[in-house]
Structure formats: C-alpha cells, structure tokens
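**Q** What follows is a single structure, and I will ask about it in a moment.
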Amino acid sequence: MEIPKEKLLEIYERMATIRQFEERVREEFAANRIPGFVHLYAGEEAVAVGVCAHLTDEDMITSTHRGHGHCIAKGVDVKAMMAELYGRATGVCKGKGGSMHIADLDRGMLGANGIVGGGIPLACGAALSAQVLGKDNVAVSFFGDGGANEGSFHEGLNLAGVWQLPAVFVAENNGWAESTSSDYSVAGADIAGRARAYGMRGEVVDGLDLFDVYEKAGKAIAAARAGEGPTLLECKTYRFYGHHEGDKQGYRSQEEVEEYRKNHCVIKNFRARTTDERALTDEELDEIETRVSESIESAVAYAADSPWPEPSDVTEDVYVDYKEVL
Amino acid sequence: MSEERELTMGAAIREALHHEMERDSTVIVMGEDVVGGAGSKLPDAEDCWGGPFGITGGLAGKFGRNRIRDTPISEAGFIGAAIGAAATGLRPVAALMFVDFFGIPMDQIFNQGAKIRYMFGGKAKVPVVIRAAIGGGINAAAQHSQCLYSIFAHIPGLKVVVPSTPYDAKGLMTAAIRDDDLVFFLEHKRLMGSKGHVPEESYVVPLGEALVRREGDDVTVVAIAKMIDLALSAADGLEAEGVNVEVIDPRSLSPLDGRTIVDSVEKTGRLVIVDEDTPRCNLATDIAALAADEAFYSLEAPIKRVTPPHTPVPFSPALENAYIPSEDRVVTAIREVMAA
C-alpha cells in the first residue's frame, strides 16, 4: 500500500509526539508533578497511529488504561492532555478524569478506560449509532491481550458479528497483562483466531511495523465503512515501560527490553525505511522532532501554569439535569 | 515480646492467609497477578507482583501455584469459579484487586453466590472470601477510588467486613476464611501501610462485633475504615473543649453490630456517622435509621452524617481533597450536635 508523503510525515509526527509525550510524562510523574497512576504507551506507537491514520474526527475509538497514545493518534490536543494529567481546570476533562479517563468526543475519542475490556461494548455502541443513523463512520476499539479475556470482549464481538457492525477490534498484544504473560493467560494459539467464532475476519498484524498496521487496518476500516462488517486485528507489540510507572518488571529481563528498544523501535524502523526508500529525508524528520519537542515543552508549561479546579466543581457534570429539594 | 510486635495491615492480612492455608488444605487463593510472573521465562519471576499491594507475595513458594493461582483478566470467570468451587468443597479467597471492578463479576456474586444457599433450601454453602481494595485519597480517579460497601451490605446473603487496624485485619481475615458464607473483605488503600500491634499466633475477630475505639459520654461517632482516623483525631482535639467523644468502629457492616451502636447512643444522646461511601443509601443512612428506630427517645440532637457529595470520585487533588470527608467536617458536625 503506497502511503502519500504528506501522510507519512503526519504519521511520523504523531508517533514522535506519543514517544516524546510519554517520556516527558514519565519525568513529570517521577518528579511528583503528575498525581495518581500513569501507564505509558511508548513502544506501541505504530498500532495507534497506523490505525487512526485511516479515521476521521467523526469515527470513534475507545481506549484503555494505557490511553495516551490513542488520544494523540486521534488528534487530542497535547496541551489539554498534559493539563488533565496535572489535574488542572484546563485539562481536556477539567481535571475530573486524569490519565485513565481522557476523552474528547470532538476528536472521536470516546475515552481511555480504567476497566479492562470496558471500551469494547462502547465501541459496538458507537458503531451501532453510525449504522442506525445511516452514516459511513466506523468505530475502533483498542484493548490489550488481558482485555481479550474479559466477557465484554466475547459479548462485544458476538454482538458486532450478529449485527454486522461497522467496527474494528484492535487487540494490542504486548505480551503482558500486568505481570502475567499472554502465553499463560490467552487460551488458543492467538487472539486473532477468536474472530472465527464470531463470524468475522481475524488477522495477526506485526504491531511493531507501522506499514503492516497501516495496510491491514486500512483494509479492515474500509470494509467496515463499506458495510462489510467487523474485523478483529491482533497487533503483536511491546511496551517499553512497566505496566504502570513504578512497576519493577521482575517478570521480564532488561535484556529483552533492550532488544526491543534496539531492534524493534517502531520510530527508528519507520525512519530507516522511509529514508532508505528516499520517501522522506532526515532533515524533514529532524524538523518534526524539533517541532514536537517544542509542543511538548509548551504543553508542560501550559499545564504547570494552569489553575486548579475550584472545590465547587466537584458536584458539576454528574447529571445533565438533577434537582433535589429539601 | 509478642505485644511489641508491629505489622502493617497488609502484612497482617498476608499472615492470616498464610496461617489459614497452612491449617486447611482446602483454602486456595486466586486472582490477577496474586503471585505474578505467570508464563514468564525468568526463573525468579515468581512473586514479582503479589497483588496490587504485594499482599499475596511469598505464598506461592510455600503452597505452590496450584493453591495460589494467577488468573487471566476474567473477573466474571474466576470469581464465579471461586463460588462454584466453594459450593463443592474448597474455601477460595478471590482477589478482585480494586472494588471498582465488582461490576464485571457481580452477577456471579449477587445472583449466584449470595443466593445459592437460600434458593437451594439451605442445602449448599458458599465459603468464599472476596478481597478488594477500597477508598480514595491517592488520586486514582473515578474507577479506582470507590468504597461501594453499601451495595454489598444491601444484598442478603453477602457479609461485609472493613478493618481499620492491622490487628482487626488479621483476625477478621481469619474469621472470614473460616466463615461458611460469602464474605467481602475490603481493604482501604490508605490503611494498608499503617502499622499496629499484631500477635504472631492465629486468632479470630468475630464477624458482627463492633469495637468501641474510644470511650466518651457526650457524643457517639461511628466511622468506617479510614474515617476512623479522622474521628479519633477529631475526638482528641475536642477533648480540650471538654467534649468527650465515643468512637465506634463497626468493623463488620453486614452483619452489623447494631447493639453496640444503640447502647452508645442511649448513653450519649448524640450521633455523628462518618462514611467515605457516597451518601444515598449508604451505611451512614442505614445506621442513622437504626438509631432513629431504636434510640429515638434518647436522642438530644438531630443525627449528622458526614459523607462525600453524591458524585463520582474526581481525579484532581484539588477536587478529591474537597470530596473526601475531612477532619474539619467531622469536628463541625460534632460541634453542631453538641450545640443542639
């Protein structure tokens, strides 16, 4: 699949933004400037970006506890994201949600999620909206190898199969659910094989290769858009950091992590391939890195300078309308 | 020697699990990453996790992965299996990690586990313990910070315990494992590291017995889990003003030791309840109704409830600090009932 130059540049910028955002979040978290928990997406950028490159703002995605990458891939503003992580009033969710609950419906981002597998049925709902309202939009649900073992995965896929929903289910198999290997927790050879049980296409994707993700996601999304029903893609990928920041990672060796960083870095490999093929130049890519670096810097400054929410905001946004009289 | 021995609440719970697994071979533990490293190729990966607060770390070396088993992320599956196993000869301790995840296995819990004995005419029992972390204060946001125990206390067939000290945690866990019914054992995140005296030997703190943590004649404060610390601290501060506060820790929410609470209210004539769970139909409401029913003619002031607002738990520290009841709010409530 030939990718136009403009698209290649956009893809690189999104992947670089995710990587730099996550590296910076790691520092900010370590310095106690970001409260709560963070789960970093670094290493898996090709999946979110390769899939979302085919989506518009009207196409919806659902995400996971490891959601920053999906948000950036879908076009959520990094300043508003950083302010959300900082817990500030200017955050994309006004400081109410934090890392695990970033959402921006204007960008088609239906939420990160603190519940494993929680987003899968929601994506079915977004696909149902498109189907019932007669729009040609699709819904994509990202979830992990752990999420594929939840009942919500099986019920969601069955529903999508029964109703032939315009949905794509993207299993990001990074090998580990917290500290539990997917070799231990996933029955059957692979997650993609479960598609057959629900009457949909299923495919294993090299999630560490942007081009493989881009091509296979492109086909699945086009099919969903054309009314040809859902697809399950299993993207084999790898996370560079622990389950959450603070995870000591006693379940995998540092050598294994280094091997992936060295030889399976999606950004490095994308850069090598596009420059080797003379599709892009180092200068173009360096310029992107610089621009991204500036945008992350200004996002942090924006977050740090933003006001805290007012205590009275606690009771706002629970309902659309709610009157109790005493 | 034993009297000076101090453990964290987490270590006290681990010790109870250890004792009971040693004592009874039908006790098994299961949950996501309760050991950790399942399927890892590293030889020393075992116990690299031990549950979200490391509580179940170190048990596998002694009891083996057959009795302490990591599960896939399939809460409806493994909690339902724990209930089925309990009905057929095992005593499983199932770890739900965060109580906020209860929605996933809830049918297995409230339509199956809670009702099996009743529906079967008393011909089965379900000796399961479901452990889960509760409570806010660590900026974990709306899906990792709730208390929710009022929902479980509402359901006939479930028992609910919420320890506030390491001593009680060990004794209540022992009691919960030996109990023949389904018991929710709820561990407040901000108490897990708190230290206190814990005897080395095995002992039971019976379910359904409240503890008077501080005696006083002027006002009764009933507080749950982490809220006990606020109540005790508020009581210490008010002593200088000549107000003698009695602080009661129910410890079990179902069964509830209403006797201890009612006796205290009859003595003091005033009641404040501090509950970190959201205000509608929570334990504070339940206890207020109990006092109104049973001790109405002893009351000298309206009952006050100190709770969060009727909202999800917000993420931002600026919001969460306003959400969780504070010591100031407890003091204000006590002063209000004293002034009435």
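By order of appearance in the structure tokens: chains A, B, ..., then residues from 1 within every chain, and ligands from 1 in the order shown.
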Chain B residues within 8 Å of chain A, counting only C-alpha atoms: which ones, as a PyMOL selection string?

**A** chain B and resi 33+36-42+44-46+48-49+70-76+101+138-144+309-312+314-320+322-323

**Q** Export, as a CSV table (one decimal), in the first residue's frame, the selected residues with C-alpha atoms.

**A**
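That gives us result14.csv:
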```
chain,number,residue,atom,x,y,z
B,33,ASP,CA,-1.3,-11.4,39.5
B,36,GLY,CA,2.8,-12.6,39.4
B,37,GLY,CA,5.0,-13.6,36.5
B,38,ALA,CA,2.8,-16.5,35.3
B,39,GLY,CA,4.2,-17.6,31.9
B,40,SER,CA,7.4,-15.6,32.4
B,41,LYS,CA,10.6,-17.3,31.2
B,42,LEU,CA,12.7,-15.8,34.0
B,44,ASP,CA,13.0,-15.7,39.5
B,45,ALA,CA,9.8,-14.1,38.2
B,46,GLU,CA,7.6,-15.7,40.9
B,48,CYS,CA,7.3,-10.3,41.2
B,49,TRP,CA,3.8,-8.9,41.8
B,70,ASP,CA,-2.8,-16.3,38.8
B,71,THR,CA,-5.9,-15.8,36.7
B,72,PRO,CA,-6.5,-14.3,33.3
B,73,ILE,CA,-8.3,-10.9,33.5
B,74,SER,CA,-11.6,-12.6,33.6
B,75,GLU,CA,-13.3,-11.5,36.8
B,76,ALA,CA,-16.7,-13.0,36.0
B,101,PHE,CA,-14.2,-3.8,39.3
B,138,ILE,CA,-4.4,8.5,46.1
B,139,ASN,CA,-5.8,10.4,43.1
B,140,ALA,CA,-6.7,7.2,41.3
B,141,ALA,CA,-9.9,8.7,39.8
B,142,ALA,CA,-13.4,7.5,39.4
B,143,GLN,CA,-12.9,3.9,38.6
B,144,HIS,CA,-10.2,3.1,41.2
B,309,PRO,CA,-21.2,14.5,47.9
B,310,HIS,CA,-23.4,12.5,45.6
B,311,THR,CA,-20.8,12.4,42.8
B,312,PRO,CA,-18.2,10.0,41.3
B,314,PRO,CA,-12.8,13.1,41.0
B,315,PHE,CA,-9.1,12.8,39.9
B,316,SER,CA,-7.6,16.2,40.5
B,317,PRO,CA,-6.1,16.5,44.0
B,318,ALA,CA,-7.9,19.9,44.3
B,319,LEU,CA,-11.2,18.2,43.7
B,320,GLU,CA,-10.5,14.9,45.6
B,322,ALA,CA,-12.8,18.6,48.7
B,323,TYR,CA,-14.6,15.3,48.0
```

**Q** Please list as a ChimeraX atom specification every residue within 7 Å of region 196-205 of chain A, counting only C-alpha atoms and excluding residues in the same chain fewer than 3 positions away.

**A** /A:157-158,161,192-193,212-213,230-236

**Q** Take the residues that were just selected and, keeping N, CA and C atoms, output them as a PDB file, in the first residue's frame.

**A**
```
ATOM      1  N   LEU A 157     -17.848  -8.796  20.626  1.00  0.00           N
ATOM      2  CA  LEU A 157     -17.572  -9.329  19.291  1.00  0.00           C
ATOM      3  C   LEU A 157     -18.765 -10.104  18.747  1.00  0.00           C
ATOM      4  N   ASN A 158     -19.444 -10.818  19.610  1.00  0.00           N
ATOM      5  CA  ASN A 158     -20.621 -11.550  19.143  1.00  0.00           C
ATOM      6  C   ASN A 158     -21.686 -10.581  18.615  1.00  0.00           C
ATOM      7  N   GLY A 161     -20.718  -9.204  15.390  1.00  0.00           N
ATOM      8  CA  GLY A 161     -20.882 -10.217  14.343  1.00  0.00           C
ATOM      9  C   GLY A 161     -22.343 -10.383  13.959  1.00  0.00           C
ATOM     10  N   ALA A 192      -6.365 -13.397  17.450  1.00  0.00           N
ATOM     11  CA  ALA A 192      -6.989 -13.209  16.132  1.00  0.00           C
ATOM     12  C   ALA A 192      -7.874 -14.399  15.761  1.00  0.00           C
ATOM     13  N   GLY A 193      -7.460 -15.597  16.201  1.00  0.00           N
ATOM     14  CA  GLY A 193      -8.210 -16.809  15.866  1.00  0.00           C
ATOM     15  C   GLY A 193      -9.612 -16.817  16.453  1.00  0.00           C
ATOM     16  N   ASP A 212       2.757  -2.504   8.219  1.00  0.00           N
ATOM     17  CA  ASP A 212       1.850  -3.656   8.302  1.00  0.00           C
ATOM     18  C   ASP A 212       0.540  -3.240   8.987  1.00  0.00           C
ATOM     19  N   VAL A 213       0.660  -2.454  10.056  1.00  0.00           N
ATOM     20  CA  VAL A 213      -0.546  -1.994  10.745  1.00  0.00           C
ATOM     21  C   VAL A 213      -1.372  -1.125   9.801  1.00  0.00           C
ATOM     22  N   PRO A 230     -17.508  -6.327  10.756  1.00  0.00           N
ATOM     23  CA  PRO A 230     -16.358  -6.097  11.637  1.00  0.00           C
ATOM     24  C   PRO A 230     -15.145  -6.990  11.333  1.00  0.00           C
ATOM     25  N   THR A 231     -14.007  -6.557  11.875  1.00  0.00           N
ATOM     26  CA  THR A 231     -12.761  -7.320  11.784  1.00  0.00           C
ATOM     27  C   THR A 231     -12.073  -7.278  13.148  1.00  0.00           C
ATOM     28  N   LEU A 232     -11.388  -8.362  13.474  1.00  0.00           N
ATOM     29  CA  LEU A 232     -10.542  -8.389  14.670  1.00  0.00           C
ATOM     30  C   LEU A 232      -9.081  -8.429  14.233  1.00  0.00           C
ATOM     31  N   LEU A 233      -8.314  -7.446  14.645  1.00  0.00           N
ATOM     32  CA  LEU A 233      -6.885  -7.425  14.338  1.00  0.00           C
ATOM     33  C   LEU A 233      -6.116  -7.649  15.637  1.00  0.00           C
ATOM     34  N   GLU A 234      -5.182  -8.565  15.616  1.00  0.00           N
ATOM     35  CA  GLU A 234      -4.311  -8.749  16.782  1.00  0.00           C
ATOM     36  C   GLU A 234      -2.931  -8.201  16.443  1.00  0.00           C
ATOM     37  N   CYS A 235      -2.598  -7.076  17.022  1.00  0.00           N
ATOM     38  CA  CYS A 235      -1.307  -6.453  16.749  1.00  0.00           C
ATOM     39  C   CYS A 235      -0.306  -6.893  17.805  1.00  0.00           C
ATOM     40  N   LYS A 236       0.698  -7.641  17.378  1.00  0.00           N
ATOM     41  CA  LYS A 236       1.737  -8.087  18.317  1.00  0.00           C
ATOM     42  C   LYS A 236       2.694  -6.919  18.524  1.00  0.00           C
TER      43      LYS A 236
END
```

**Q** Can you tell me, as a short mmCIF file (atom, residue, chain, number, x, y, z; two decimals) with N, CA and C atoms, in the first residue's frame, which residues in region 95-247 of chain A count as strand (DSSP E or B) by DSSP?

**A**
```
data_model
loop_
_atom_site.label_atom_id
_atom_site.label_comp_id
_atom_site.auth_asym_id
_atom_site.auth_seq_id
_atom_site.Cartn_x
_atom_site.Cartn_y
_atom_site.Cartn_z
N ASP A 104 -12.28 12.97 24.36
CA ASP A 104 -12.55 14.19 23.59
C ASP A 104 -13.43 13.80 22.41
N MET A 109 -12.76 10.62 20.24
CA MET A 109 -12.09 9.84 21.29
C MET A 109 -13.08 9.62 22.41
N ALA A 139 -16.28 2.51 14.09
CA ALA A 139 -15.78 2.59 15.47
C ALA A 139 -14.66 1.58 15.62
N VAL A 140 -13.62 2.00 16.33
CA VAL A 140 -12.48 1.12 16.58
C VAL A 140 -12.28 1.01 18.08
N SER A 141 -12.14 -0.22 18.55
CA SER A 141 -11.85 -0.41 19.97
C SER A 141 -10.44 -0.96 20.14
N PHE A 142 -9.63 -0.27 20.91
CA PHE A 142 -8.31 -0.77 21.29
C PHE A 142 -8.42 -1.42 22.66
N PHE A 143 -7.78 -2.55 22.81
CA PHE A 143 -7.74 -3.22 24.11
C PHE A 143 -6.50 -4.11 24.12
N GLY A 144 -6.17 -4.65 25.28
CA GLY A 144 -4.95 -5.44 25.37
C GLY A 144 -5.19 -6.93 25.32
N ALA A 167 -17.34 -1.97 12.76
CA ALA A 167 -16.41 -1.89 13.89
C ALA A 167 -15.13 -2.64 13.57
N VAL A 168 -14.04 -2.16 14.15
CA VAL A 168 -12.76 -2.88 14.08
C VAL A 168 -12.25 -3.03 15.50
N PHE A 169 -11.91 -4.25 15.85
CA PHE A 169 -11.42 -4.55 17.20
C PHE A 169 -9.92 -4.76 17.11
N VAL A 170 -9.18 -3.93 17.85
CA VAL A 170 -7.73 -3.98 17.76
C VAL A 170 -7.15 -4.47 19.08
N ALA A 171 -6.75 -5.73 19.09
CA ALA A 171 -6.10 -6.29 20.28
C ALA A 171 -4.63 -5.90 20.23
N GLU A 172 -4.18 -5.15 21.21
CA GLU A 172 -2.77 -4.80 21.29
C GLU A 172 -2.11 -5.82 22.21
N ASN A 173 -1.54 -6.84 21.62
CA ASN A 173 -0.92 -7.89 22.43
C ASN A 173 0.54 -7.52 22.68
N TRP A 176 2.13 -8.88 27.91
CA TRP A 176 2.00 -8.90 29.36
C TRP A 176 0.73 -8.19 29.82
N ALA A 177 -0.06 -8.85 30.64
CA ALA A 177 -1.17 -8.22 31.34
C ALA A 177 -0.66 -8.03 32.77
N THR A 180 1.51 -10.85 34.00
CA THR A 180 1.12 -12.17 33.51
C THR A 180 1.30 -12.25 32.00
N SER A 181 2.05 -13.26 31.58
CA SER A 181 2.34 -13.43 30.15
C SER A 181 1.08 -13.82 29.39
N ARG A 201 -13.73 -11.47 10.12
CA ARG A 201 -12.35 -11.62 9.70
C ARG A 201 -11.42 -11.41 10.89
N GLY A 202 -10.36 -12.19 10.94
CA GLY A 202 -9.37 -12.01 12.00
C GLY A 202 -7.99 -12.10 11.41
N GLU A 203 -7.10 -11.25 11.88
CA GLU A 203 -5.77 -11.25 11.29
C GLU A 203 -4.71 -10.88 12.33
N VAL A 204 -3.58 -11.56 12.25
CA VAL A 204 -2.44 -11.20 13.09
C VAL A 204 -1.65 -10.12 12.35
N VAL A 205 -1.27 -9.08 13.08
CA VAL A 205 -0.57 -7.94 12.49
C VAL A 205 0.76 -7.76 13.23
N ASP A 206 1.80 -7.40 12.49
CA ASP A 206 3.06 -7.04 13.14
C ASP A 206 2.91 -5.61 13.67
N THR A 231 -14.01 -6.56 11.87
CA THR A 231 -12.76 -7.32 11.78
C THR A 231 -12.07 -7.28 13.15
N LEU A 232 -11.39 -8.36 13.47
CA LEU A 232 -10.54 -8.39 14.67
C LEU A 232 -9.08 -8.43 14.23
N LEU A 233 -8.31 -7.45 14.64
CA LEU A 233 -6.89 -7.42 14.34
C LEU A 233 -6.12 -7.65 15.64
N GLU A 234 -5.18 -8.56 15.62
CA GLU A 234 -4.31 -8.75 16.78
C GLU A 234 -2.93 -8.20 16.44
N CYS A 235 -2.60 -7.08 17.02
CA CYS A 235 -1.31 -6.45 16.75
C CYS A 235 -0.31 -6.89 17.81
N LYS A 236 0.70 -7.64 17.38
CA LYS A 236 1.74 -8.09 18.32
C LYS A 236 2.69 -6.92 18.52
#
```

**Q** Which residues are near Tyr297 (chain B)? Cut-off 9 Å, only C-alpha atoms, ignore same chain within fewer than 5 positions. Put them as a list of chain:residue names.

**A**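 Everything that qualifies: B:Glu266, B:Gly269, B:Ala292.
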
**Q** Those residues you just picked out, can you put them in a file as a PDB file, in the first residue's frame with N, CA, C and O atoms?

**A**
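Produced file out_36.pdb, reproduced below:
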```pdb
ATOM      1  N   GLU B 266     -27.728   5.586  73.309  1.00  0.00           N
ATOM      2  CA  GLU B 266     -28.577   5.736  74.501  1.00  0.00           C
ATOM      3  C   GLU B 266     -27.814   6.409  75.638  1.00  0.00           C
ATOM      4  O   GLU B 266     -28.376   7.137  76.448  1.00  0.00           O
ATOM      5  N   GLY B 269     -26.707  10.249  73.695  1.00  0.00           N
ATOM      6  CA  GLY B 269     -27.814  11.060  73.183  1.00  0.00           C
ATOM      7  C   GLY B 269     -27.505  11.796  71.891  1.00  0.00           C
ATOM      8  O   GLY B 269     -28.330  12.581  71.403  1.00  0.00           O
ATOM      9  N   ALA B 292     -32.552   6.005  64.773  1.00  0.00           N
ATOM     10  CA  ALA B 292     -33.874   6.638  64.835  1.00  0.00           C
ATOM     11  C   ALA B 292     -34.934   5.634  65.277  1.00  0.00           C
ATOM     12  O   ALA B 292     -35.846   5.961  66.040  1.00  0.00           O
TER      13      ALA B 292
END
```

**Q** Taking the DSSP assignment computed from this structure's backbone, write out as an MDAnalysis selection string all residues of region 209-253 of chain B that belong to helix (DSSP H, G or I).

**A** chainID B and resid 227:239

**Q** Write out as a compact mmCIF listing (two decimals) with N, CA and C atoms, in the first residue's frame which residues come within 12 Å of Leu207 (chain B) when counting only C-alpha atoms, dropping same-chain ones fewer than 5 positions away.

**A**
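As written to disk, selection_11.txt reads:
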```
# COMPACT_ATOMS: atom_id res chain seq x y z
N LYS B 159 -21.82 -11.11 53.32
CA LYS B 159 -21.29 -10.49 54.53
C LYS B 159 -20.21 -9.51 54.11
N VAL B 160 -20.03 -8.45 54.89
CA VAL B 160 -19.08 -7.40 54.50
C VAL B 160 -18.26 -6.98 55.72
N VAL B 161 -16.95 -7.09 55.61
CA VAL B 161 -16.09 -6.61 56.70
C VAL B 161 -15.10 -5.58 56.18
N VAL B 162 -14.83 -4.58 57.02
CA VAL B 162 -13.94 -3.47 56.65
C VAL B 162 -13.04 -3.15 57.85
N PRO B 163 -11.86 -3.75 57.91
CA PRO B 163 -11.00 -3.50 59.07
C PRO B 163 -10.36 -2.11 59.02
N ASP B 168 -7.18 -6.02 63.72
CA ASP B 168 -8.50 -6.46 63.26
C ASP B 168 -8.42 -7.11 61.88
N ALA B 169 -7.54 -6.59 61.04
CA ALA B 169 -7.43 -7.13 59.68
C ALA B 169 -7.07 -8.61 59.73
N GLY B 171 -7.38 -10.74 62.33
CA GLY B 171 -8.42 -11.54 62.98
C GLY B 171 -9.69 -11.66 62.15
N LEU B 172 -10.02 -10.60 61.45
CA LEU B 172 -11.22 -10.64 60.60
C LEU B 172 -10.99 -11.49 59.35
N MET B 173 -9.76 -11.45 58.81
CA MET B 173 -9.48 -12.31 57.65
C MET B 173 -9.56 -13.77 58.06
N THR B 174 -9.03 -14.09 59.21
CA THR B 174 -9.10 -15.47 59.71
C THR B 174 -10.57 -15.89 59.87
N ALA B 175 -11.35 -15.00 60.47
CA ALA B 175 -12.77 -15.30 60.66
C ALA B 175 -13.49 -15.43 59.32
N ALA B 176 -13.13 -14.57 58.38
CA ALA B 176 -13.79 -14.58 57.07
C ALA B 176 -13.52 -15.88 56.32
N ILE B 177 -12.26 -16.34 56.39
CA ILE B 177 -11.92 -17.59 55.69
C ILE B 177 -12.64 -18.77 56.33
N ARG B 178 -12.74 -18.75 57.66
CA ARG B 178 -13.39 -19.88 58.35
C ARG B 178 -14.92 -19.80 58.27
N ASP B 179 -15.41 -18.64 57.91
CA ASP B 179 -16.87 -18.46 57.83
C ASP B 179 -17.43 -19.25 56.65
N ASP B 180 -18.63 -19.77 56.82
CA ASP B 180 -19.23 -20.61 55.78
C ASP B 180 -20.03 -19.83 54.74
N ASP B 181 -20.06 -18.51 54.86
CA ASP B 181 -20.80 -17.70 53.88
C ASP B 181 -19.84 -16.87 53.03
N VAL B 183 -18.06 -13.73 52.06
CA VAL B 183 -17.65 -12.53 52.80
C VAL B 183 -16.83 -11.61 51.90
N PHE B 184 -17.27 -10.36 51.79
CA PHE B 184 -16.44 -9.33 51.16
C PHE B 184 -15.48 -8.80 52.20
N PHE B 185 -14.19 -8.87 51.92
CA PHE B 185 -13.17 -8.37 52.83
C PHE B 185 -12.54 -7.15 52.16
N PRO B 250 -17.48 -0.11 63.41
CA PRO B 250 -18.37 -1.28 63.26
C PRO B 250 -17.61 -2.55 62.84
N ARG B 251 -16.50 -2.38 62.12
CA ARG B 251 -15.65 -3.48 61.62
C ARG B 251 -16.38 -4.41 60.64
N SER B 252 -17.54 -4.88 61.01
CA SER B 252 -18.40 -5.62 60.07
C SER B 252 -19.55 -4.70 59.71
N LEU B 253 -19.84 -4.61 58.44
CA LEU B 253 -21.00 -3.81 58.00
C LEU B 253 -22.21 -4.71 57.81
N SER B 254 -21.94 -6.00 57.51
CA SER B 254 -23.00 -6.99 57.45
C SER B 254 -22.39 -8.33 57.85
N PRO B 255 -22.78 -8.94 58.97
CA PRO B 255 -23.76 -8.42 59.92
C PRO B 255 -23.24 -7.18 60.66
N LEU B 256 -24.18 -6.30 61.01
CA LEU B 256 -23.84 -5.06 61.71
C LEU B 256 -24.16 -5.22 63.20
N ASP B 257 -23.22 -4.83 64.04
CA ASP B 257 -23.44 -4.88 65.49
C ASP B 257 -24.21 -3.63 65.90
```

**Q** Just want the 7 Å neighbourhood of Gly111 (chain A), counted on only C-alpha atoms, with same-chain residues fewer than 3 positions away dropped. Output as a ChimeraX atom specification.

**A** /A:62-63,101-103

**Q** Rounded to one decimal place, report the CA of Ile334 (chain B)-CA of Ser164 (chain B) distance in Å.

**A**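 A separation of 21.2 Å between them.
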
**Q** Can you tell me, as a PyMOL selection string, what residues are no more than 7 Å from Lys74 (chain A) when counting only C-alpha atoms, ignoring any on the same chain fewer than 2 positions away?

**A** chain A and resi 52+70-72+76+107+109

**Q** Neighbouring residues of Thr332 (chain B) were defined as those with any atom within 10 Å, considering only C-alpha atoms; residues of the same chain fewer than 6 positions away were excluded. Please report them as a ChimeraX atom specification.

**A** /B:234,306,326,338

**Q** Restrict the selected residues to C-alpha atoms and save them as a PDB file, in the first residue's frame.

**A**
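For reference, result.pdb as written:
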```pdb
ATOM      1  CA  ALA B 234     -11.289  14.951  65.914  1.00  0.00           C
ATOM      2  CA  VAL B 306     -20.561  13.237  57.170  1.00  0.00           C
ATOM      3  CA  SER B 326     -12.076  15.934  56.251  1.00  0.00           C
ATOM      4  CA  MET B 338     -23.296  19.372  70.764  1.00  0.00           C
TER       5      MET B 338
END
```

**Q** Considering only C-alpha atoms, state which residue in the set A:Leu208, A:Ala223, A:Ala299, A:Leu105 is at the smallest distance from Asn174 (chain A).

**A** A:Leu208

**Q** Calculate how many Å separate CA of Glu284 (chain A) from CA of Leu9 (chain A), rounding to one decimal.

**A**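 According to the coordinates, CA of Glu284 (chain A) and CA of Leu9 (chain A) are separated by 8.1 Å.
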
**Q** Which residue gives the smallest distance to Val300 (chain A) among A:Met60, A:Ala130, A:Val78, A:Ala31, with only C-alpha atoms counted?

**A**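 Result for the nearest residue to Val300 (chain A): A:Val78.
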